[in-house]
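**Q** Provided herewith is a single structure, encoded as structure tokens, for subsequent inquiry.
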Amino acid sequence: MRIGVIGTGKMGRALAAAWARAGHQAVLGSRNPERVRNAAAPIDAGIELCSIAEALRAGEVIALATPWHGTQAILEAAAMPAGRILIDATNPPGSAHPDGATDHAAAALSGAEQIAAWAPNGRVVKTLNAVAARIVGAENRLFEGRRVTVPYCGDDPAAKTTVAELIAAIDLEPYDAGPLRSARYLESLGRAMAGMDIAAGRGRDLGFSLLQRPTERS
Ligand SMILES: NC(=O)c1ccc[n+]([C@@H]2O[C@H](COP(=O)([O-])OP(=O)(O)OC[C@H]3O[C@@H](n4cnc5c(N)ncnc54)[C@H](OP(=O)(O)O)[C@@H]3O)[C@@H](O)[C@H]2O)c1
């Protein structure tokens with residue numbers, strides 16, 4: 001599958017590299033591909049670097065790995081073909097953040113629902129926002145044989161199935177968290193993981209694993 005990853009930072013590079021190693025075609029979209037090509041940190045072999053507009057056209061699935069403050073402009077400027085699956089891996093600022101007074105907060109929308117409003121022809125699936133880029137980018141993503149849980153949510157069942165397969169393809173455990181409205185929980189989890197990651201200190205990988213079993217009803 002061709003996957004367009006938008007953003008050449010920590011998360012965008014990690015996702016593109018992971019999917020490329022899993023046998024997918026990763027197309028990495030940058031605001032300035034020339035600058036990225038000439039930068040000190042090289043892009044992994046096997047990843048195609050191009051403009052954001054090209055990546056949006058090329059990918060059957062698009063993964064957004066952009067800072068929240070840059071995401072609206074990218075989506076509104078871009079001519080994304082209709083029907084693309086749009087993975088939202090972003091973490092919008094929470095109410096405790098200095099940028100807290102954002103449109104999505106005022107409208108009580110999750111970031112993912114706001115993204116769906118900015119890209120009305122995309123099939124948005126929120127996911128991968130609560131797993132650290134260094135885990136996604138690692139050679140071995142397993143923790144003593146166990147996979148890190150990656151919740152995903154969205155309103156398009158076929159898009160969710162495809163995204164779950166892409167999560168499993170990189171040794172992560174997909175967990176169906178329901179409709180796109182659940183993105184607010186995933187975004188809270190993203191903030192919690194980032195905060196606990198800082199608290200854990202340097203040199204530790206922090207992954208989240210959800211335990212579940214069927215409950216007996218009387
Ligand atoms: N880092 C993590 O562990 C992690 C984990 C899960 C989710 N996320 C989420 O993924 C997103 C990206 O995180 P990151 O850590 O990869 O960030 P980052 O290292 O700062 O990279 C973000 C990239 O987005 C692109 N971009 C597009 N518009 C931009 C703008 N207006 N200002 C700055 N950069 C812009 C840039 O690539 P070009 O210059 O090439 O366009 C930049 O390299 C965030 O929403 C974050 O919350 C991150």
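Simple scheme: letters A, B, ... for chains in structure tokens order, numbers from 1 for residues in each chain, numbers from 1 for ligands in the order shown.
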Can you build me a table of chain A residues sitting at most 8 Å from ligand 1, with the closest atom pair per residue and its distance in Å to one decimal, using only C-alpha atoms and all ligand atoms, sorted by chain and residue number, as a tab-separated table?
**A**
```
residue	atom	partner	partner_atom_place_in_ligand_line	distance
A:Ile6	CA	ligand 1	25 (C)	7.0
A:Gly7	CA	ligand 1	24 (O)	3.7
A:Thr8	CA	ligand 1	37 (O)	4.1
A:Gly9	CA	ligand 1	21 (O)	3.1
A:Lys10	CA	ligand 1	16 (O)	3.7
A:Met11	CA	ligand 1	16 (O)	3.7
A:Gly12	CA	ligand 1	16 (O)	5.5
A:Arg13	CA	ligand 1	16 (O)	7.5
A:Gly29	CA	ligand 1	40 (O)	6.7
A:Ser30	CA	ligand 1	40 (O)	3.6
A:Arg31	CA	ligand 1	41 (O)	3.8
A:Asn32	CA	ligand 1	40 (O)	5.7
A:Pro33	CA	ligand 1	40 (O)	6.4
A:Arg35	CA	ligand 1	40 (O)	8.0
A:Val36	CA	ligand 1	40 (O)	6.2
A:Ile52	CA	ligand 1	41 (O)	7.6
A:Leu64	CA	ligand 1	11 (C)	7.3
A:Ala65	CA	ligand 1	11 (C)	4.1
A:Thr66	CA	ligand 1	24 (O)	3.8
A:Pro67	CA	ligand 1	45 (O)	3.9
A:Trp68	CA	ligand 1	45 (O)	5.0
A:His69	CA	ligand 1	31 (N)	6.1
A:Gly70	CA	ligand 1	31 (N)	3.5
A:Thr71	CA	ligand 1	28 (N)	6.3
A:Ala73	CA	ligand 1	31 (N)	7.9
A:Ile74	CA	ligand 1	28 (N)	6.9
A:Ala89	CA	ligand 1	7 (C)	5.2
A:Thr90	CA	ligand 1	45 (O)	3.3
A:Asn91	CA	ligand 1	47 (O)	3.8
A:Pro92	CA	ligand 1	45 (O)	6.6
A:Leu128	CA	ligand 1	6 (C)	5.8
A:Asn129	CA	ligand 1	7 (C)	3.8
A:Ala130	CA	ligand 1	6 (C)	5.2
A:Val131	CA	ligand 1	6 (C)	5.2
A:Ala132	CA	ligand 1	3 (O)	3.6
A:Ala133	CA	ligand 1	3 (O)	3.7
A:Arg134	CA	ligand 1	3 (O)	6.3
A:Gly190	CA	ligand 1	6 (C)	7.1
A:Ala194	CA	ligand 1	3 (O)	7.8
```
**Q** Run DSSP on the backbone and give me the residues of stretch 69-188 of chain A it puts in strand (DSSP E or B), as a list in words.
**A** Ile85, Leu86, Ile87, Asp88, Arg123, Val124, Val125, Lys126, Thr127, Phe143, Arg146, Thr149, Val150, Pro151, Tyr152, Cys153, Gly154, Glu173, Pro174, Tyr175 and Asp176 of chain A
**Q** Please determine, counting only C-alpha atoms, which residue among A:Ala40, A:Ile167, A:Ala55, A:Gly137 has the shortest atom-to-atom distance to A:Val27.
**A** A:Ala55
**Q** Give me, as an NGL selection string, all polymer residues having an atom no more than 8 Å from A:Leu56, counting only C-alpha atoms and skipping those fewer than 2 positions away in the same chain.
**A** :A and (4 or 6 or 29 or 52-54 or 58-59 or 62 or 78-81)
**Q** Dump N, CA, C and O atoms for the selected residues as a PDB file, in the first residue's frame?
**A**
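Heads up, here's the output in out05.pdb:
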```pdb
ATOM      1  N   GLY A   4       1.095   8.065   2.373  1.00  0.00           N
ATOM      2  CA  GLY A   4       1.678   9.402   2.404  1.00  0.00           C
ATOM      3  C   GLY A   4       1.770   9.860   3.850  1.00  0.00           C
ATOM      4  O   GLY A   4       0.759   9.915   4.556  1.00  0.00           O
ATOM      5  N   ILE A   6       2.753  12.927   6.316  1.00  0.00           N
ATOM      6  CA  ILE A   6       2.953  14.378   6.242  1.00  0.00           C
ATOM      7  C   ILE A   6       3.688  14.841   7.501  1.00  0.00           C
ATOM      8  O   ILE A   6       3.196  14.657   8.617  1.00  0.00           O
ATOM      9  N   GLY A  29       5.976  13.592   2.968  1.00  0.00           N
ATOM     10  CA  GLY A  29       5.699  14.932   2.454  1.00  0.00           C
ATOM     11  C   GLY A  29       6.222  16.021   3.373  1.00  0.00           C
ATOM     12  O   GLY A  29       5.970  16.005   4.574  1.00  0.00           O
ATOM     13  N   ILE A  52       4.260  18.216   0.164  1.00  0.00           N
ATOM     14  CA  ILE A  52       3.043  17.763   0.850  1.00  0.00           C
ATOM     15  C   ILE A  52       1.935  17.469  -0.165  1.00  0.00           C
ATOM     16  O   ILE A  52       1.243  16.450  -0.078  1.00  0.00           O
ATOM     17  N   ALA A  53       1.804  18.345  -1.179  1.00  0.00           N
ATOM     18  CA  ALA A  53       0.747  18.137  -2.182  1.00  0.00           C
ATOM     19  C   ALA A  53       0.962  16.810  -2.902  1.00  0.00           C
ATOM     20  O   ALA A  53       0.003  16.056  -3.143  1.00  0.00           O
ATOM     21  N   GLU A  54       2.221  16.489  -3.225  1.00  0.00           N
ATOM     22  CA  GLU A  54       2.505  15.218  -3.915  1.00  0.00           C
ATOM     23  C   GLU A  54       2.199  14.022  -3.012  1.00  0.00           C
ATOM     24  O   GLU A  54       1.651  13.017  -3.459  1.00  0.00           O
ATOM     25  N   ALA A  58      -0.307  10.998  -3.673  1.00  0.00           N
ATOM     26  CA  ALA A  58       0.296   9.682  -3.913  1.00  0.00           C
ATOM     27  C   ALA A  58      -0.263   8.609  -2.985  1.00  0.00           C
ATOM     28  O   ALA A  58      -0.423   7.460  -3.381  1.00  0.00           O
ATOM     29  N   GLY A  59      -0.531   8.961  -1.756  1.00  0.00           N
ATOM     30  CA  GLY A  59      -0.891   7.937  -0.767  1.00  0.00           C
ATOM     31  C   GLY A  59      -2.351   7.525  -0.854  1.00  0.00           C
ATOM     32  O   GLY A  59      -3.229   8.375  -0.989  1.00  0.00           O
ATOM     33  N   ILE A  62      -3.212   8.509   4.161  1.00  0.00           N
ATOM     34  CA  ILE A  62      -2.382   9.661   4.540  1.00  0.00           C
ATOM     35  C   ILE A  62      -2.255   9.668   6.059  1.00  0.00           C
ATOM     36  O   ILE A  62      -3.262   9.534   6.761  1.00  0.00           O
ATOM     37  N   ALA A  78      -4.269  22.073   0.840  1.00  0.00           N
ATOM     38  CA  ALA A  78      -3.973  20.903   0.016  1.00  0.00           C
ATOM     39  C   ALA A  78      -5.186  20.439  -0.768  1.00  0.00           C
ATOM     40  O   ALA A  78      -6.312  20.543  -0.298  1.00  0.00           O
ATOM     41  N   ALA A  79      -4.904  19.921  -1.963  1.00  0.00           N
ATOM     42  CA  ALA A  79      -5.966  19.319  -2.762  1.00  0.00           C
ATOM     43  C   ALA A  79      -5.881  17.812  -2.567  1.00  0.00           C
ATOM     44  O   ALA A  79      -5.299  17.110  -3.385  1.00  0.00           O
ATOM     45  N   MET A  80      -6.439  17.337  -1.454  1.00  0.00           N
ATOM     46  CA  MET A  80      -6.393  15.902  -1.195  1.00  0.00           C
ATOM     47  C   MET A  80      -7.534  15.228  -1.955  1.00  0.00           C
ATOM     48  O   MET A  80      -8.692  15.631  -1.821  1.00  0.00           O
ATOM     49  N   PRO A  81      -7.225  14.219  -2.779  1.00  0.00           N
ATOM     50  CA  PRO A  81      -8.310  13.551  -3.503  1.00  0.00           C
ATOM     51  C   PRO A  81      -9.350  12.992  -2.537  1.00  0.00           C
ATOM     52  O   PRO A  81      -9.010  12.571  -1.426  1.00  0.00           O
TER      53      PRO A  81
END
```
**Q** Report the residues of stretch 38-95 of chain A whose backbone DSSP state falls under helix (DSSP H, G or I), written as a PDB file with N, CA, C and O atoms, in the first residue's frame.
**A**
```
ATOM      1  N   ILE A  52       4.260  18.216   0.164  1.00  0.00           N
ATOM      2  CA  ILE A  52       3.043  17.763   0.850  1.00  0.00           C
ATOM      3  C   ILE A  52       1.935  17.469  -0.165  1.00  0.00           C
ATOM      4  O   ILE A  52       1.243  16.450  -0.078  1.00  0.00           O
ATOM      5  N   ALA A  53       1.804  18.345  -1.179  1.00  0.00           N
ATOM      6  CA  ALA A  53       0.747  18.137  -2.182  1.00  0.00           C
ATOM      7  C   ALA A  53       0.962  16.810  -2.902  1.00  0.00           C
ATOM      8  O   ALA A  53       0.003  16.056  -3.143  1.00  0.00           O
ATOM      9  N   GLU A  54       2.221  16.489  -3.225  1.00  0.00           N
ATOM     10  CA  GLU A  54       2.505  15.218  -3.915  1.00  0.00           C
ATOM     11  C   GLU A  54       2.199  14.022  -3.012  1.00  0.00           C
ATOM     12  O   GLU A  54       1.651  13.017  -3.459  1.00  0.00           O
ATOM     13  N   ALA A  55       2.571  14.136  -1.732  1.00  0.00           N
ATOM     14  CA  ALA A  55       2.323  13.020  -0.802  1.00  0.00           C
ATOM     15  C   ALA A  55       0.820  12.798  -0.617  1.00  0.00           C
ATOM     16  O   ALA A  55       0.357  11.661  -0.539  1.00  0.00           O
ATOM     17  N   LEU A  56       0.056  13.879  -0.576  1.00  0.00           N
ATOM     18  CA  LEU A  56      -1.394  13.746  -0.398  1.00  0.00           C
ATOM     19  C   LEU A  56      -2.036  13.070  -1.608  1.00  0.00           C
ATOM     20  O   LEU A  56      -2.994  12.322  -1.480  1.00  0.00           O
ATOM     21  N   ARG A  57      -1.475  13.343  -2.797  1.00  0.00           N
ATOM     22  CA  ARG A  57      -2.013  12.705  -4.012  1.00  0.00           C
ATOM     23  C   ARG A  57      -1.560  11.255  -4.122  1.00  0.00           C
ATOM     24  O   ARG A  57      -2.288  10.398  -4.579  1.00  0.00           O
ATOM     25  N   ALA A  58      -0.307  10.998  -3.673  1.00  0.00           N
ATOM     26  CA  ALA A  58       0.296   9.682  -3.913  1.00  0.00           C
ATOM     27  C   ALA A  58      -0.263   8.609  -2.985  1.00  0.00           C
ATOM     28  O   ALA A  58      -0.423   7.460  -3.381  1.00  0.00           O
ATOM     29  N   TRP A  68       0.105  20.429  15.863  1.00  0.00           N
ATOM     30  CA  TRP A  68      -1.294  20.846  15.788  1.00  0.00           C
ATOM     31  C   TRP A  68      -1.423  22.223  15.135  1.00  0.00           C
ATOM     32  O   TRP A  68      -2.266  22.435  14.270  1.00  0.00           O
ATOM     33  N   HIS A  69      -0.539  23.149  15.525  1.00  0.00           N
ATOM     34  CA  HIS A  69      -0.688  24.530  15.031  1.00  0.00           C
ATOM     35  C   HIS A  69      -0.453  24.645  13.524  1.00  0.00           C
ATOM     36  O   HIS A  69      -0.852  25.640  12.922  1.00  0.00           O
ATOM     37  N   GLY A  70       0.182  23.637  12.904  1.00  0.00           N
ATOM     38  CA  GLY A  70       0.420  23.709  11.458  1.00  0.00           C
ATOM     39  C   GLY A  70      -0.572  22.903  10.638  1.00  0.00           C
ATOM     40  O   GLY A  70      -0.555  22.963   9.400  1.00  0.00           O
ATOM     41  N   THR A  71      -1.452  22.182  11.292  1.00  0.00           N
ATOM     42  CA  THR A  71      -2.266  21.176  10.594  1.00  0.00           C
ATOM     43  C   THR A  71      -3.397  21.792   9.769  1.00  0.00           C
ATOM     44  O   THR A  71      -3.635  21.389   8.632  1.00  0.00           O
ATOM     45  N   GLN A  72      -4.061  22.793  10.316  1.00  0.00           N
ATOM     46  CA  GLN A  72      -5.188  23.387   9.586  1.00  0.00           C
ATOM     47  C   GLN A  72      -4.731  23.951   8.239  1.00  0.00           C
ATOM     48  O   GLN A  72      -5.349  23.718   7.201  1.00  0.00           O
ATOM     49  N   ALA A  73      -3.608  24.696   8.267  1.00  0.00           N
ATOM     50  CA  ALA A  73      -3.131  25.328   7.037  1.00  0.00           C
ATOM     51  C   ALA A  73      -2.805  24.274   5.984  1.00  0.00           C
ATOM     52  O   ALA A  73      -3.119  24.444   4.791  1.00  0.00           O
ATOM     53  N   ILE A  74      -2.202  23.171   6.408  1.00  0.00           N
ATOM     54  CA  ILE A  74      -1.836  22.111   5.461  1.00  0.00           C
ATOM     55  C   ILE A  74      -3.090  21.505   4.828  1.00  0.00           C
ATOM     56  O   ILE A  74      -3.178  21.341   3.620  1.00  0.00           O
ATOM     57  N   LEU A  75      -4.068  21.205   5.646  1.00  0.00           N
ATOM     58  CA  LEU A  75      -5.270  20.553   5.114  1.00  0.00           C
ATOM     59  C   LEU A  75      -6.079  21.495   4.235  1.00  0.00           C
ATOM     60  O   LEU A  75      -6.634  21.084   3.223  1.00  0.00           O
ATOM     61  N   GLU A  76      -6.136  22.759   4.620  1.00  0.00           N
ATOM     62  CA  GLU A  76      -6.962  23.681   3.844  1.00  0.00           C
ATOM     63  C   GLU A  76      -6.285  24.095   2.537  1.00  0.00           C
ATOM     64  O   GLU A  76      -6.954  24.405   1.564  1.00  0.00           O
ATOM     65  N   ALA A  77      -4.927  24.059   2.521  1.00  0.00           N
ATOM     66  CA  ALA A  77      -4.218  24.450   1.297  1.00  0.00           C
ATOM     67  C   ALA A  77      -4.148  23.293   0.316  1.00  0.00           C
ATOM     68  O   ALA A  77      -3.989  23.488  -0.885  1.00  0.00           O
TER      69      ALA A  77
END
```
**Q** Set the distance at 12 Å and use only C-alpha atoms: which residues neighbour stretch 142-146 of chain A once local chain neighbours fewer than 3 positions away are removed? I'd like the list as a list in words.
**A** Ile135, Val136, Gly137, Ala138, Glu139, Thr149, Ala168, Ile170, Asp171, Leu172, Glu173, Arg204, Asp205, Leu206, Gly207, Phe208, Ser209, Leu210 and Leu211 of chain A
**Q** Between atom CA of A:Ala18 and atom CA of A:Thr161, measure the distance and give it in Å to one decimal.
**A**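 So the answer is 18.8 Å.
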**Q** Grab the atom CA of A:Ile43 to atom CA of A:Ala17 distance for me, in Å with one decimal place.
**A** 8.6 Å
**Q** Atom CA of A:Ala41 and atom CA of A:Arg2 are how many Å apart?
**A**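 Spanning atom CA of A:Ala41 to atom CA of A:Arg2 is a straight-line distance of 23.5 Å.
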